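Next comes upload-v1.pdb, a file with PDB, C-alpha atoms and all ligand atoms.
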```
ATOM      1  CA  MET A 226    -137.707 -91.360  88.579
ATOM      2  CA  SER A 227    -140.755 -90.159  90.455
ATOM      3  CA  CYS A 228    -142.233 -86.910  91.746
ATOM      4  CA  LYS A 229    -140.657 -85.386  94.865
ATOM      5  CA  VAL A 230    -143.427 -82.903  95.630
ATOM      6  CA  LYS A 231    -144.781 -83.319  99.172
ATOM      7  CA  GLY A 232    -148.112 -85.117  99.341
ATOM      8  CA  CYS A 233    -148.165 -86.007  95.635
ATOM      9  CA  ARG A 234    -150.743 -88.720  95.037
ATOM     10  CA  ASN A 235    -149.531 -89.824  91.621
ATOM     11  CA  LYS A 236    -145.772 -89.885  92.104
ATOM     12  CA  LEU A 237    -145.153 -92.500  89.467
ATOM     13  CA  SER A 238    -147.034 -90.741  86.679
ATOM     14  CA  HIS A 239    -144.687 -87.744  86.439
ATOM     15  CA  VAL A 240    -141.431 -86.190  87.633
ATOM     16  CA  THR A 241    -141.155 -83.143  89.916
ATOM     17  CA  LYS A 242    -140.914 -80.589  87.098
ATOM     18  CA  TYR A 243    -144.275 -81.735  85.695
ATOM     19  CA  HIS A 244    -146.221 -81.717  88.975
ATOM     20  CA  MET A 245    -149.054 -79.238  88.600
ATOM     21  CA  CYS A 246    -149.831 -77.230  91.727
ATOM     22  CA  GLY A 247    -153.477 -77.537  92.784
ATOM     23  CA  LYS A 248    -153.397 -74.022  94.124
ATOM     24  CA  CYS A 249    -151.820 -71.900  91.378
ATOM     25  CA  ASN A 250    -151.785 -74.316  88.383
ATOM     26  CA  ASN A 251    -148.079 -73.730  87.828
ATOM     27  CA  PHE A 252    -145.683 -76.633  87.438
ATOM     28  CA  GLY A 253    -142.790 -77.815  89.590
ATOM     29  CA  HIS A 254    -144.297 -77.656  93.084
ATOM     30  CA  GLY A 255    -147.450 -78.534  95.035
ATOM     31  CA  GLN A 256    -149.846 -76.958  97.522
ATOM     32  CA  VAL A 257    -147.459 -77.475 100.437
ATOM     33  CA  GLU A 258    -144.592 -75.649  98.698
ATOM     34  CA  CYS A 259    -146.759 -73.056  96.937
ATOM     35  CA  GLY A 260    -145.689 -69.518  97.821
ATOM     36  CA  ASN A 261    -142.751 -70.684  99.935
ATOM     37  CA  GLU A 262    -139.544 -69.733  98.183
ATOM     38  CA  GLU A 263    -137.288 -71.991 100.213
ATOM     39  CA  LEU A 264    -139.426 -75.081  99.649
ATOM     40  CA  THR A 265    -139.982 -74.428  95.945
ATOM     41  CA  ASN A 266    -136.259 -73.737  95.397
ATOM     42  CA  ASN A 267    -135.475 -76.965  97.152
ATOM     43  CA  LEU A 268    -137.272 -78.873  94.376
ATOM     44  CA  ILE A 269    -135.201 -77.391  91.540
ATOM     45  CA  GLN A 270    -132.505 -80.014  92.095
ATOM     46  CA  TYR A 271    -134.953 -82.595  90.676
ATOM     47  CA  PHE A 272    -135.905 -80.654  87.547
ATOM     48  CA  ASN A 273    -133.679 -82.699  85.258
ATOM     49  CA  ASP A 274    -135.298 -85.980  86.308
ATOM     50  CA  THR A 275    -136.901 -87.974  83.518
ATOM     51  CA  ILE A 276    -139.647 -90.575  83.631
ATOM     52  CA  ASP A 277    -138.964 -94.249  82.932
ATOM     53  CA  ILE A 278    -142.008 -94.850  80.731
ATOM     54  CA  LYS A 279    -142.571 -91.919  78.390
ATOM     55  CA  CYS A 280    -145.898 -90.337  77.481
ATOM     56  CA  GLU A 281    -147.282 -91.593  74.177
ATOM     57  CA  VAL A 282    -149.821 -88.864  73.494
ATOM     58  CA  PRO A 283    -149.142 -87.757  69.894
ATOM     59  CA  ASN A 284    -147.183 -84.494  69.637
ATOM     60  CA  CYS A 285    -146.653 -84.275  73.398
ATOM     61  CA  SER A 286    -143.821 -81.794  73.764
ATOM     62  CA  ASN A 287    -142.890 -82.905  77.282
ATOM     63  CA  ASN A 288    -143.058 -86.655  76.960
ATOM     64  CA  GLN A 289    -139.962 -87.369  79.033
ATOM     65  CA  THR A 290    -141.550 -85.799  82.143
ATOM     66  CA  HIS A 291    -144.650 -87.989  82.538
ATOM     67  CA  THR A 292    -146.368 -91.222  81.522
ATOM     68  CA  THR A 293    -149.406 -91.341  79.232
ATOM     69  CA  ASP A 294    -151.679 -91.445  82.300
ATOM     70  CA  GLY A 295    -149.895 -88.425  83.733
ATOM     71  CA  HIS A 296    -150.405 -86.275  80.627
ATOM     72  CA  ILE A 297    -152.039 -82.918  81.365
ATOM     73  CA  CYS A 298    -153.988 -81.163  78.627
ATOM     74  CA  ILE A 299    -152.296 -77.948  77.516
ATOM     75  CA  PHE A 300    -155.670 -76.324  76.858
ATOM     76  CA  CYS A 301    -157.742 -77.121  79.956
ATOM     77  CA  ASP A 302    -155.060 -78.145  82.495
ATOM     78  CA  LYS A 303    -156.884 -81.400  83.244
ATOM     79  CA  ASN A 304    -155.639 -84.940  83.200
ATOM     80  CA  ILE A 305    -155.884 -86.680  79.846
ATOM     81  CA  ASN A 306    -159.172 -88.462  80.562
ATOM     82  CA  MET A 307    -160.806 -85.606  82.439
ATOM     83  CA  HIS A 308    -160.967 -82.777  79.898
ATOM     84  CA  LEU A 309    -163.323 -79.931  80.744
ATOM     85  CA  LYS A 310    -166.459 -80.008  78.613
ATOM     86  CA  VAL A 311    -165.390 -76.738  77.063
ATOM     87  CA  CYS A 312    -161.979 -78.089  76.052
ATOM     88  CA  PRO A 313    -161.273 -78.383  72.301
ATOM     89  CA  GLU A 314    -159.765 -81.779  73.042
ATOM     90  CA  TYR A 315    -163.128 -82.884  74.438
ATOM     91  CA  GLY A 316    -164.520 -82.757  70.937
ATOM     92  CA  ILE A 317    -165.363 -79.099  70.669
ATOM     93  CA  LYS A 318    -163.965 -77.716  67.464
ATOM     94  CA  VAL A 319    -161.756 -74.677  67.300
ATOM     95  CA  PRO A 320    -162.693 -72.564  65.403
ATOM     96  CA  ASP A 321    -166.244 -72.895  66.692
ATOM     97  CA  GLU A 322    -169.210 -70.582  67.204
ATOM     98  CA  ASN A 323    -167.118 -68.262  69.346
ATOM     99  CA  ILE A 324    -164.761 -67.606  66.520
ATOM    100  CA  ARG A 325    -165.909 -65.145  63.916
ATOM    101  CA  PHE A 326    -164.700 -64.991  60.368
ATOM    102  CA  GLY A 327    -164.698 -62.054  58.074
ATOM    103  CA  SER A 328    -162.609 -59.275  56.760
ATOM    104  CA  PHE A 329    -160.771 -57.662  59.609
ATOM    105  CA  ASN A 330    -159.209 -55.004  57.447
ATOM    106  CA  GLU A 331    -157.306 -53.299  60.225
ATOM    107  CA  TYR A 332    -155.511 -56.568  61.016
ATOM    108  CA  GLU A 333    -154.143 -57.139  57.533
ATOM    109  CA  PHE A 334    -150.648 -56.556  58.945
ATOM    110  CA  LEU A 335    -150.761 -59.929  60.695
ATOM    111  CA  GLN A 336    -148.420 -62.493  59.163
ATOM    112  CA  LEU A 337    -149.091 -66.196  58.887
ATOM    113  CA  GLY A 338    -149.105 -67.709  62.397
ATOM    114  CA  GLU A 339    -149.361 -64.408  64.263
ATOM    115  CA  TYR A 340    -152.089 -63.200  66.623
ATOM    116  CA  TYR A 341    -153.066 -59.860  68.032
ATOM    117  CA  GLU A 342    -154.571 -59.031  71.423
ATOM    118  CA  ARG A 343    -156.794 -55.999  71.795
ATOM    119  CA  TYR A 344    -158.637 -54.818  74.874
ATOM    120  CA  VAL A 345    -162.103 -53.666  73.969
ATOM    121  CA  GLY A 346    -163.264 -52.322  77.314
ATOM    122  CA  MET A 347    -164.992 -53.691  80.422
ATOM    123  CA  GLY A 348    -162.264 -56.312  80.805
ATOM    124  CA  CYS A 349    -163.106 -57.893  77.464
ATOM    125  CA  ALA A 350    -160.584 -58.658  74.766
ATOM    126  CA  GLN A 351    -160.580 -59.545  71.112
ATOM    127  CA  TYR A 352    -158.006 -61.894  69.629
ATOM    128  CA  VAL A 353    -157.319 -61.999  65.923
ATOM    129  CA  ARG A 354    -155.000 -64.475  64.262
ATOM    130  CA  ARG A 355    -153.881 -65.268  60.755
ATOM    131  CA  ASN A 356    -154.582 -68.938  60.410
ATOM    132  CA  LYS A 357    -151.385 -70.875  59.782
ATOM    133  CA  ASN A 358    -153.018 -73.198  57.329
ATOM    134  CA  SER A 359    -155.723 -71.204  55.569
ATOM    135  CA  ASN A 360    -154.079 -67.744  55.711
ATOM    136  CA  LEU A 361    -157.479 -66.317  56.772
ATOM    137  CA  LEU A 362    -157.991 -63.840  59.588
ATOM    138  CA  GLU A 363    -160.047 -65.260  62.450
ATOM    139  CA  SER A 364    -161.127 -63.692  65.696
ATOM    140  CA  LEU A 365    -162.027 -64.881  69.163
ATOM    141  CA  PHE A 366    -163.872 -62.704  71.639
ATOM    142  CA  MET A 367    -163.085 -63.188  75.322
ATOM    143  CA  HIS A 368    -165.696 -61.801  77.689
ATOM    144  CA  SER A 369    -164.414 -60.617  81.066
ATOM    145  CA  ASP A 370    -166.639 -63.165  82.860
ATOM    146  CA  ASN A 371    -165.331 -66.124  80.889
ATOM    147  CA  TRP A 372    -161.741 -66.511  82.036
ATOM    148  CA  GLY A 373    -162.686 -69.407  84.305
ATOM    149  CA  GLN A 374    -163.229 -67.411  87.469
ATOM    150  CA  TYR A 375    -166.873 -68.581  87.696
ATOM    151  CA  GLY A 376    -166.109 -72.233  87.096
ATOM    152  CA  ALA A 377    -165.455 -74.581  84.221
ATOM    153  CA  ASP A 378    -168.873 -74.332  82.569
ATOM    154  CA  THR A 379    -168.510 -70.665  81.741
ATOM    155  CA  SER A 380    -164.803 -70.773  81.001
ATOM    156  CA  ASP A 381    -163.519 -69.916  77.542
ATOM    157  CA  LEU A 382    -159.935 -70.337  78.705
ATOM    158  CA  PRO A 383    -159.371 -73.680  76.921
ATOM    159  CA  ARG A 384    -160.637 -72.174  73.665
ATOM    160  CA  TYR A 385    -158.432 -69.156  74.132
ATOM    161  CA  LYS A 386    -155.398 -71.337  74.764
ATOM    162  CA  ALA A 387    -156.189 -73.406  71.693
ATOM    163  CA  PHE A 388    -156.722 -70.270  69.609
ATOM    164  CA  ILE A 389    -153.247 -68.887  70.311
ATOM    165  CA  TYR A 390    -151.463 -72.234  70.650
ATOM    166  CA  GLU A 391    -148.240 -72.135  68.627
ATOM    167  CA  TYR A 392    -149.125 -68.653  67.349
ATOM    168  CA  ILE A 393    -146.791 -65.716  67.871
ATOM    169  CA  LYS A 394    -147.997 -62.481  69.425
ATOM    170  CA  ASN A 395    -147.724 -59.428  67.194
ATOM    171  CA  GLU A 396    -147.085 -56.348  69.328
ATOM    172  CA  THR A 397    -147.890 -53.693  66.697
ATOM    173  CA  ASP A 398    -149.634 -50.694  68.257
ATOM    174  CA  ILE A 399    -152.741 -49.886  66.243
ATOM    175  CA  GLU A 400    -154.664 -47.792  68.775
TER     176      GLU A 400
HETATM  177 ZN    ZN B   1    -146.295 -84.955  91.768
HETATM  178 ZN    ZN B   2    -148.523 -73.231  93.379
HETATM  179 ZN    ZN B   3    -147.747 -86.108  77.420
HETATM  180 ZN    ZN B   4    -158.371 -80.535  77.673
END
```
With the file now loaded, output its structure as structure tokens.
Amino acid sequence: MSCKVKGCRNKLSHVTKYHMCGKCNNFGHGQVECGNEELTNNLIQYFNDTIDIKCEVPNCSNNQTHTTDGHICIFCDKNINMHLKVCPEYGIKVPDENIRFGSFNEYEFLQLGEYYERYVGMGCAQYVRRNKNSNLLESLFMHSDNWGQYGADTSDLPRYKAFIYEYIKNETDIE
């Protein structure tokens, strides 16, 4: 099977469901279909397609939708060999200097594998998680300017995605 999205340049590396739109970064359509309900709906009929040669990236959760070359990083949304420099998969460690350790007493209610999101003003947010492996509380600060809107070099989005990856949001209201 191959991708049915109009104008796709790498048809053989993935199926329709795994085509990432260059406009909105969502999956299952391309720039031509983006925002057009009729065209995007028209692609749903191909969403059960599977790829002939499966992705071999370890722990890939979608390996029947793309080849190894077609694998897109879940943290930085780039192709497997084109990670953003700020991507944890590029060699940057998470936790890294952006992640602070300490006693976050008010977050003691967090269970293993949970994270908490707290707005701290001016569009900034603090994320605290209870590390699945170490049981320690860790926090990541996201500045309002660092959500990728000013380009890849100042984006903390990949770190954020890695920080909460496979963690469950705790909705407790502590304000
Ligand atoms: Zn495609
Ligand atoms: Zn789109
Ligand atoms: Zn993959
Ligand atoms: Zn990446």
- Expected selection as a list of chain:residue names for ligand ZN 2 (chain B) within 8 Å, all atoms listed in the file: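 Checking all atoms listed in the file against ligand ZN 2 (chain B) at 8 Å gives A:Met245, A:Cys246, A:Gly247, A:Lys248, A:Cys249, A:Asn250, A:Asn251, A:Phe252, A:His254, A:Gly255, A:Gln256, A:Glu258, A:Cys259, A:Gly260.
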| request: Set the cut-off to 7 Å, count only C-alpha atoms and all ligand atoms, and list whatever residues fall near ligand ZN 1 (chain B) as a list in words. | output: Cys228, Lys229, Val230, Cys233, Arg234, Asn235, Lys236, His239, Val240, Thr241 and His244 of chain A
**Request:** Write out as a PyMOL selection string each polymer residue (protein, DNA or RNA) that has an atom no more than 7 Å from ligand ZN 4 (chain B), with all atoms listed in the file counted.
**Result:** chain A and resi 298-303+305+308-309+312-315+383
Please tabulate, as a tab-separated table, the residues of chain A that come within 7 Å of ligand ZN 3 (chain B), each with its closest pair of atoms and the distance in Å to one decimal, counting all atoms listed in the file and ordering rows by chain, then residue number upward.
```
residue	atom	partner	partner_atom	distance
A:Cys280	CA	B:ZN3	ZN	4.6
A:Glu281	CA	B:ZN3	ZN	6.4
A:Val282	CA	B:ZN3	ZN	5.2
A:Cys285	CA	B:ZN3	ZN	4.6
A:Ser286	CA	B:ZN3	ZN	6.9
A:Asn287	CA	B:ZN3	ZN	5.8
A:Asn288	CA	B:ZN3	ZN	4.7
A:His291	CA	B:ZN3	ZN	6.3
A:Thr292	CA	B:ZN3	ZN	6.7
A:Thr293	CA	B:ZN3	ZN	5.8
A:His296	CA	B:ZN3	ZN	4.2
A:Ile297	CA	B:ZN3	ZN	6.6
```
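For the file shown, the residue list from the PyMOL selection byres (((chain A and resi 337) around 6) and not hetatm) reads Gln336, Gly338, Glu339, Arg355 and Lys357 of chain A.
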task: Just the residues within 12 Å of Ile389 in chain A, please, counting all atoms listed in the file, with nothing from its chain fewer than 2 positions along; format it as a count of residues only.
output: 30
Centre and edge lengths, as lines of an AutoDock Vina configuration file, for the axis-aligned box enclosing every listed atom of range 352-364 of chain A with 3 Å of padding on each of the six sides, in Å to one decimal?
```
center_x = -156.3
center_y = -67.5
center_z = 62.6
size_x = 15.7
size_y = 17.3
size_z = 20.1
```
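Separating CA of Met347 in chain A from CA of Phe329 in chain A is a distance of 21.6 Å.
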| Atom-to-atom span, CA of Ala377 in chain A and CA of Gly348 in chain A, Å |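 Between CA of Ala377 in chain A and CA of Gly348 in chain A the gap is 18.9 Å.
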Here CA of Asn306 in chain A and CA of Tyr243 in chain A stand apart by 17.1 Å
Across A:Ser359, A:Ser238, A:Thr275, A:Asn261, the smallest distance to Asp294 in chain A, with all atoms listed in the file counted, is shown by A:Ser238
